[in-house]
Amino acid sequence: MKCNKILRLSSLRTSIHLDGCNVTHYQQLHEFSSEAEAEAFFNQSIQELLTHGWYDIESIPVDENNKDFTPDELYGMFLELKNQVDEFAKTITKPFIEINPYSTTETTLWQSKFGGLPYFPKHLDYPTAPDGTPLHLLAQINFSETPNLEDLPEKGILQFYIEAAGETAYGLEEYLQLAQTTFRVLYFSEPDLNIDNLLDNFDFLPPGIGLPLVDCLALNFAIKSNPISASDYRFRSLVKSYFPIFKQSNLTKAMKNSLEELVDDLINEYEEKYEELLGGHRLGGYPAFVQNDDRENVEGEEGYDFLLLQMDSDDDNSIMWGDAGIGNFFIQPSALKQLDFSKVLYTYACC
C-alpha cells in the first residue's frame, strides 16, 4: 500500500509517506516487518498530529481558482529532486585552495602564515585603526607558495589585518563590514625580500588579546573542490534554474507556494549530505556559514561572491572564533581581477 499525506498547522507543514513496510516522517525512515505494522504506525502518526491541531490539507474544500498539487504529486516531485541531488551537487562544485596550518618554531617575514609577524616594508605606514591602534596580522598568503587557482594572483603577498587590542569583535565594528577601519587587506604584488628593507621590530604592537588564535602557524596548501552551501544566498536560485520542476508555467499561488516548500525539503536533504564538507580554512570556492548568509543585503550591482579567505574554528590548532565560529573575507570578482583589495567584505559569526 502507498499513501502520502500533508498536514498543516498555521504556517507549519509536515508530510508523512507510507510505502509498503516503510513509513517516512520528519525525514526519518521507519521500517517494519509487515505492511500492517507500517500502516498502523502511519495512521497513528496522523492521528497524533490531528489531536495536536494539525489538519489534513485534503480535508479542506478545494478552491477551483487556486488549486494545489496533490500530496501524491508533491511527493513524486520530491523523490525526483532527491534522486538528482548528487548530480546537482556535481554541477555546482568549485575548486578551492585548502589551507592546512601547522605549528612551527619560526617563520620568515614573507612566509604564508596565520598570525605572527607580517612582511612589511619600512618605508610604508603600518596599518592602524582610526584611534591609532596598530592592527595585528590575522593571515598572510604568499602566492608563490600556493597552487594556482583561477582568478587568484599567481604571485605576491596578500595580508589580512584586524584590530586585536580588545576594542572590537575580531576587528569588526559592525556585521558585514566594508569600511577598512578596524581591519585591513593589503596586497604586495612584487615583494622585496631584502631583509634590510623590511620592518623587523614590532615592539609597538599591543597584546593581541582579540585574535582568534594563540600562536603563529605556518601553512600548507592543496587544491580541493566542494559544492555550494545550502545557506549560501545563491542556493535557491541555482536550484530553481537547474531543476525543470521549478520551471513549470500556469501555476496557481498555492502551487507556487508548494514549490517553494519543495525547495526547503531539498535543502534539508542536501544539508545532510554536503554541509559538513564546507568547513575548514580556504581560499576561493564556497564559504561555510554558522548563521545566515546576509551578503544579498549589501547594496550594489555586483555581489561579493568570491571567497578571498575563510578561517574556521580549529581545535587542533587552537583557533577559535567565539563559540565555534568562522571568519570570512569576500571580494567582488571584478575587483579581484584588477587586484583591487580596497573593497573587501569582512564578516564573522559564531553559533
# chains A, B, ... in the order shown; residues from 1 in each chain; ligands from 1
>>> closest_atom_pairs(of="region 302-341 of chain A", to="region 175-191 of chain A", cutoff="10 Å", atoms="only C-alpha atoms", output="CSV")
residue,atom,partner,partner_atom,distance
A:Asn328,CA,A:Leu176,CA,9.7
A:Phe329,CA,A:Val185,CA,9.3
A:Phe330,CA,A:Leu178,CA,9.7
A:Ile331,CA,A:Leu178,CA,9.9
A:Leu339,CA,A:Tyr187,CA,8.0
A:Asp340,CA,A:Tyr187,CA,8.6
A:Phe341,CA,A:Val185,CA,6.3
>>> write_last_selection(atoms="all heavy atoms", output="PDB file, in the first residue's frame")
ATOM      1  N   ASN A 328      35.141  35.220   7.525  1.00  0.00           N
ATOM      2  CA  ASN A 328      35.187  35.185   6.062  1.00  0.00           C
ATOM      3  C   ASN A 328      35.466  36.569   5.488  1.00  0.00           C
ATOM      4  O   ASN A 328      34.941  37.572   5.982  1.00  0.00           O
ATOM      5  CB  ASN A 328      33.858  34.679   5.482  1.00  0.00           C
ATOM      6  CG  ASN A 328      33.689  33.185   5.612  1.00  0.00           C
ATOM      7  OD1 ASN A 328      34.647  32.436   5.443  1.00  0.00           O
ATOM      8  ND2 ASN A 328      32.484  32.735   5.908  1.00  0.00           N
ATOM      9  N   PHE A 329      36.262  36.595   4.427  1.00  0.00           N
ATOM     10  CA  PHE A 329      36.533  37.816   3.671  1.00  0.00           C
ATOM     11  C   PHE A 329      36.103  37.575   2.225  1.00  0.00           C
ATOM     12  O   PHE A 329      36.547  36.603   1.595  1.00  0.00           O
ATOM     13  CB  PHE A 329      38.028  38.160   3.714  1.00  0.00           C
ATOM     14  CG  PHE A 329      38.542  38.526   5.081  1.00  0.00           C
ATOM     15  CD1 PHE A 329      38.886  37.539   5.998  1.00  0.00           C
ATOM     16  CD2 PHE A 329      38.695  39.855   5.445  1.00  0.00           C
ATOM     17  CE1 PHE A 329      39.365  37.864   7.255  1.00  0.00           C
ATOM     18  CE2 PHE A 329      39.179  40.194   6.706  1.00  0.00           C
ATOM     19  CZ  PHE A 329      39.512  39.193   7.612  1.00  0.00           C
ATOM     20  N   PHE A 330      35.248  38.464   1.710  1.00  0.00           N
ATOM     21  CA  PHE A 330      34.721  38.333   0.354  1.00  0.00           C
ATOM     22  C   PHE A 330      35.111  39.540  -0.489  1.00  0.00           C
ATOM     23  O   PHE A 330      35.294  40.654   0.024  1.00  0.00           O
ATOM     24  CB  PHE A 330      33.192  38.240   0.373  1.00  0.00           C
ATOM     25  CG  PHE A 330      32.640  37.087   1.157  1.00  0.00           C
ATOM     26  CD1 PHE A 330      32.196  37.259   2.459  1.00  0.00           C
ATOM     27  CD2 PHE A 330      32.543  35.832   0.578  1.00  0.00           C
ATOM     28  CE1 PHE A 330      31.669  36.195   3.174  1.00  0.00           C
ATOM     29  CE2 PHE A 330      32.023  34.760   1.286  1.00  0.00           C
ATOM     30  CZ  PHE A 330      31.579  34.946   2.598  1.00  0.00           C
ATOM     31  N   ILE A 331      35.180  39.324  -1.803  1.00  0.00           N
ATOM     32  CA  ILE A 331      35.502  40.413  -2.720  1.00  0.00           C
ATOM     33  C   ILE A 331      34.650  40.261  -3.978  1.00  0.00           C
ATOM     34  O   ILE A 331      34.248  39.152  -4.342  1.00  0.00           O
ATOM     35  CB  ILE A 331      37.015  40.412  -3.073  1.00  0.00           C
ATOM     36  CG1 ILE A 331      37.417  41.686  -3.814  1.00  0.00           C
ATOM     37  CG2 ILE A 331      37.386  39.163  -3.876  1.00  0.00           C
ATOM     38  CD1 ILE A 331      38.924  41.845  -3.980  1.00  0.00           C
ATOM     39  N   LEU A 339      42.987  43.248  -9.036  1.00  0.00           N
ATOM     40  CA  LEU A 339      43.815  43.194  -7.823  1.00  0.00           C
ATOM     41  C   LEU A 339      43.576  44.422  -6.950  1.00  0.00           C
ATOM     42  O   LEU A 339      44.494  44.978  -6.351  1.00  0.00           O
ATOM     43  CB  LEU A 339      45.295  43.052  -8.191  1.00  0.00           C
ATOM     44  CG  LEU A 339      45.664  41.803  -9.006  1.00  0.00           C
ATOM     45  CD1 LEU A 339      47.153  41.776  -9.316  1.00  0.00           C
ATOM     46  CD2 LEU A 339      45.245  40.538  -8.271  1.00  0.00           C
ATOM     47  N   ASP A 340      42.302  44.812  -6.885  1.00  0.00           N
ATOM     48  CA  ASP A 340      41.896  45.954  -6.066  1.00  0.00           C
ATOM     49  C   ASP A 340      41.268  45.419  -4.778  1.00  0.00           C
ATOM     50  O   ASP A 340      40.118  44.955  -4.777  1.00  0.00           O
ATOM     51  CB  ASP A 340      40.897  46.814  -6.841  1.00  0.00           C
ATOM     52  CG  ASP A 340      40.374  47.992  -6.015  1.00  0.00           C
ATOM     53  OD1 ASP A 340      40.882  48.222  -4.893  1.00  0.00           O
ATOM     54  OD2 ASP A 340      39.448  48.679  -6.489  1.00  0.00           O
ATOM     55  N   PHE A 341      42.022  45.490  -3.687  1.00  0.00           N
ATOM     56  CA  PHE A 341      41.565  44.942  -2.420  1.00  0.00           C
ATOM     57  C   PHE A 341      41.084  46.034  -1.459  1.00  0.00           C
ATOM     58  O   PHE A 341      41.038  45.832  -0.254  1.00  0.00           O
ATOM     59  CB  PHE A 341      42.680  44.123  -1.773  1.00  0.00           C
ATOM     60  CG  PHE A 341      43.105  42.950  -2.620  1.00  0.00           C
ATOM     61  CD1 PHE A 341      44.210  43.047  -3.465  1.00  0.00           C
ATOM     62  CD2 PHE A 341      42.381  41.772  -2.597  1.00  0.00           C
ATOM     63  CE1 PHE A 341      44.594  41.974  -4.258  1.00  0.00           C
ATOM     64  CE2 PHE A 341      42.751  40.689  -3.391  1.00  0.00           C
ATOM     65  CZ  PHE A 341      43.865  40.794  -4.222  1.00  0.00           C
TER      66      PHE A 341
END
>>> residues_around(residues="Glu64 (chain A)", least_positions_apart="3", cutoff="12 Å", atoms="only C-alpha atoms", output="PDB file with N, CA, C and O atoms, in the first residue's frame")
ATOM      1  N   PRO A  61     -11.960  22.072   1.635  1.00  0.00           N
ATOM      2  CA  PRO A  61     -12.544  22.218   0.285  1.00  0.00           C
ATOM      3  C   PRO A  61     -11.571  22.914  -0.673  1.00  0.00           C
ATOM      4  O   PRO A  61     -10.875  23.866  -0.298  1.00  0.00           O
ATOM      5  N   LYS A  67      -6.073  25.904  -7.119  1.00  0.00           N
ATOM      6  CA  LYS A  67      -5.777  24.501  -6.868  1.00  0.00           C
ATOM      7  C   LYS A  67      -4.299  24.301  -6.538  1.00  0.00           C
ATOM      8  O   LYS A  67      -3.433  24.991  -7.071  1.00  0.00           O
ATOM      9  N   ASP A  68      -4.057  23.315  -5.686  1.00  0.00           N
ATOM     10  CA  ASP A  68      -2.691  22.953  -5.326  1.00  0.00           C
ATOM     11  C   ASP A  68      -2.360  21.588  -5.921  1.00  0.00           C
ATOM     12  O   ASP A  68      -3.240  20.862  -6.401  1.00  0.00           O
ATOM     13  N   THR A 252      -0.915  28.109 -10.022  1.00  0.00           N
ATOM     14  CA  THR A 252      -1.689  28.914  -9.079  1.00  0.00           C
ATOM     15  C   THR A 252      -0.766  29.377  -7.955  1.00  0.00           C
ATOM     16  O   THR A 252       0.369  28.896  -7.809  1.00  0.00           O
ATOM     17  N   LYS A 253      -1.253  30.303  -7.139  1.00  0.00           N
ATOM     18  CA  LYS A 253      -0.485  30.765  -5.999  1.00  0.00           C
ATOM     19  C   LYS A 253      -0.180  29.611  -5.050  1.00  0.00           C
ATOM     20  O   LYS A 253       0.937  29.502  -4.513  1.00  0.00           O
ATOM     21  N   ALA A 254      -1.146  28.732  -4.846  1.00  0.00           N
ATOM     22  CA  ALA A 254      -0.936  27.581  -3.955  1.00  0.00           C
ATOM     23  C   ALA A 254       0.156  26.662  -4.500  1.00  0.00           C
ATOM     24  O   ALA A 254       0.991  26.147  -3.740  1.00  0.00           O
TER      25      ALA A 254
END
>>> closest_residue(among="A:Leu198, A:Val85, A:Ile157, A:Ile97", to="His123 (chain A)", atoms="only C-alpha atoms")
A:Leu198
>>> residues_around(residues="Phe235 (chain A)", least_positions_apart="3", cutoff="12 Å", atoms="only C-alpha atoms", output="list in words")
Phe88, Ala89, Ile92, Pro227, Ile228, Ser229, Ala230, Ser231, Asp232, Leu238, Val239, Lys240, Ser241, Tyr242, Val263, Asp264, Leu266, Ile267, Tyr270, Glu271, Tyr286, Asp293 and Glu296 of chain A
>>> select_by_dssp(residues="region 64-286 of chain A", states="helix (DSSP H, G or I)", output="VMD selection string")
chain A and resid 71 to 83 85 to 91 195 to 197 235 to 242 244 to 247 253 to 278
>>> atom_distance(atom1="CA of Thr133 (chain A)", atom2="CA of Glu167 (chain A)")
9.8 Å
>>> closest_residue(among="A:Pro134, A:Gly303, A:Pro333, A:Gly166", to="Tyr233 (chain A)", atoms="only C-alpha atoms")
A:Gly303
>>> residues_around(residues="Pro287 (chain A)", least_positions_apart="4", cutoff="7 Å", atoms="only C-alpha atoms", output="MDAnalysis selection string")
chainID A and resid 278 307 310
>>> write_last_selection(atoms="C-alpha atoms", output="compact mmCIF listing (two decimals), in the first residue's frame")
# COMPACT_ATOMS: atom_id res chain seq x y z
CA LEU A 278 32.33 23.24 3.71
CA LEU A 307 35.69 33.95 -1.10
CA GLN A 310 37.93 31.61 5.19
>>> atom_distance(atom1="CA of Phe221 (chain A)", atom2="CA of Glu98 (chain A)")
5.5 Å
>>> atom_distance(atom1="CA of Phe246 (chain A)", atom2="CA of Glu260 (chain A)")
8.8 Å
>>> residues_around(residues="Arg8 (chain A)", least_positions_apart="6", cutoff="7 Å", atoms="only C-alpha atoms", output="list in words")
Thr14, Trp54, Tyr55, Asp56 and Ile57 of chain A
>>> write_last_selection(atoms="N, CA, C and O atoms", output="JSON list (two decimals), in the first residue's frame")
[["chain", "number", "residue", "atom", "x", "y", "z"],
["A", 14, "THR", "N", 4.02, 19.50, 7.51],
["A", 14, "THR", "CA", 4.74, 18.24, 7.62],
["A", 14, "THR", "C", 4.12, 17.24, 6.66],
["A", 14, "THR", "O", 2.97, 17.39, 6.24],
["A", 54, "TRP", "N", -3.14, 19.84, 14.05],
["A", 54, "TRP", "CA", -2.81, 19.82, 12.64],
["A", 54, "TRP", "C", -4.04, 19.40, 11.84],
["A", 54, "TRP", "O", -4.96, 18.77, 12.38],
["A", 55, "TYR", "N", -4.06, 19.76, 10.56],
["A", 55, "TYR", "CA", -5.17, 19.33, 9.71],
["A", 55, "TYR", "C", -4.65, 18.77, 8.40],
["A", 55, "TYR", "O", -3.61, 19.19, 7.88],
["A", 56, "ASP", "N", -5.36, 17.81, 7.89],
["A", 56, "ASP", "CA", -5.04, 17.18, 6.61],
["A", 56, "ASP", "C", -5.48, 18.14, 5.50],
["A", 56, "ASP", "O", -6.65, 18.54, 5.44],
["A", 57, "ILE", "N", -4.57, 18.52, 4.61],
["A", 57, "ILE", "CA", -4.92, 19.51, 3.58],
["A", 57, "ILE", "C", -6.03, 19.00, 2.67],
["A", 57, "ILE", "O", -6.77, 19.79, 2.09]]
>>> residues_around(residues="Lys113 (chain A)", least_positions_apart="4", cutoff="10 Å", atoms="only C-alpha atoms", output="PyMOL selection string")
chain A and resi 99+101-102+107-109+117-118+137-142+159+216-220
>>> select_by_dssp(residues="region 56-226 of chain A", states="strand (DSSP E or B)", output="PyMOL selection string")
chain A and resi 56+94-103+113-114+121+128+134+136-142+157-162+169+172+177+183-188+198+213+217-226
>>> closest_residue(among="A:Leu283, A:Leu277, A:Leu251, A:Leu259", to="Phe143 (chain A)", atoms="only C-alpha atoms")
A:Leu283
>>> residues_around(residues="region 29-41 of chain A", least_positions_apart="2", cutoff="12 Å", atoms="only C-alpha atoms", output="JSON, numbers by chain")
{"A": [1, 2, 3, 4, 16, 17, 18, 19, 20, 21, 22, 23, 24, 25, 26, 27, 43, 44, 45, 46, 47, 48]}
>>> closest_atom_pairs(of="region 27-116 of chain A", to="region 207-211 of chain A", cutoff="12 Å", atoms="only C-alpha atoms", output="tab-separated table")
residue	atom	partner	partner_atom	distance
A:Phe114	CA	A:Leu211	CA	10.4
A:Gly115	CA	A:Leu211	CA	8.2
A:Gly116	CA	A:Gly208	CA	10.1
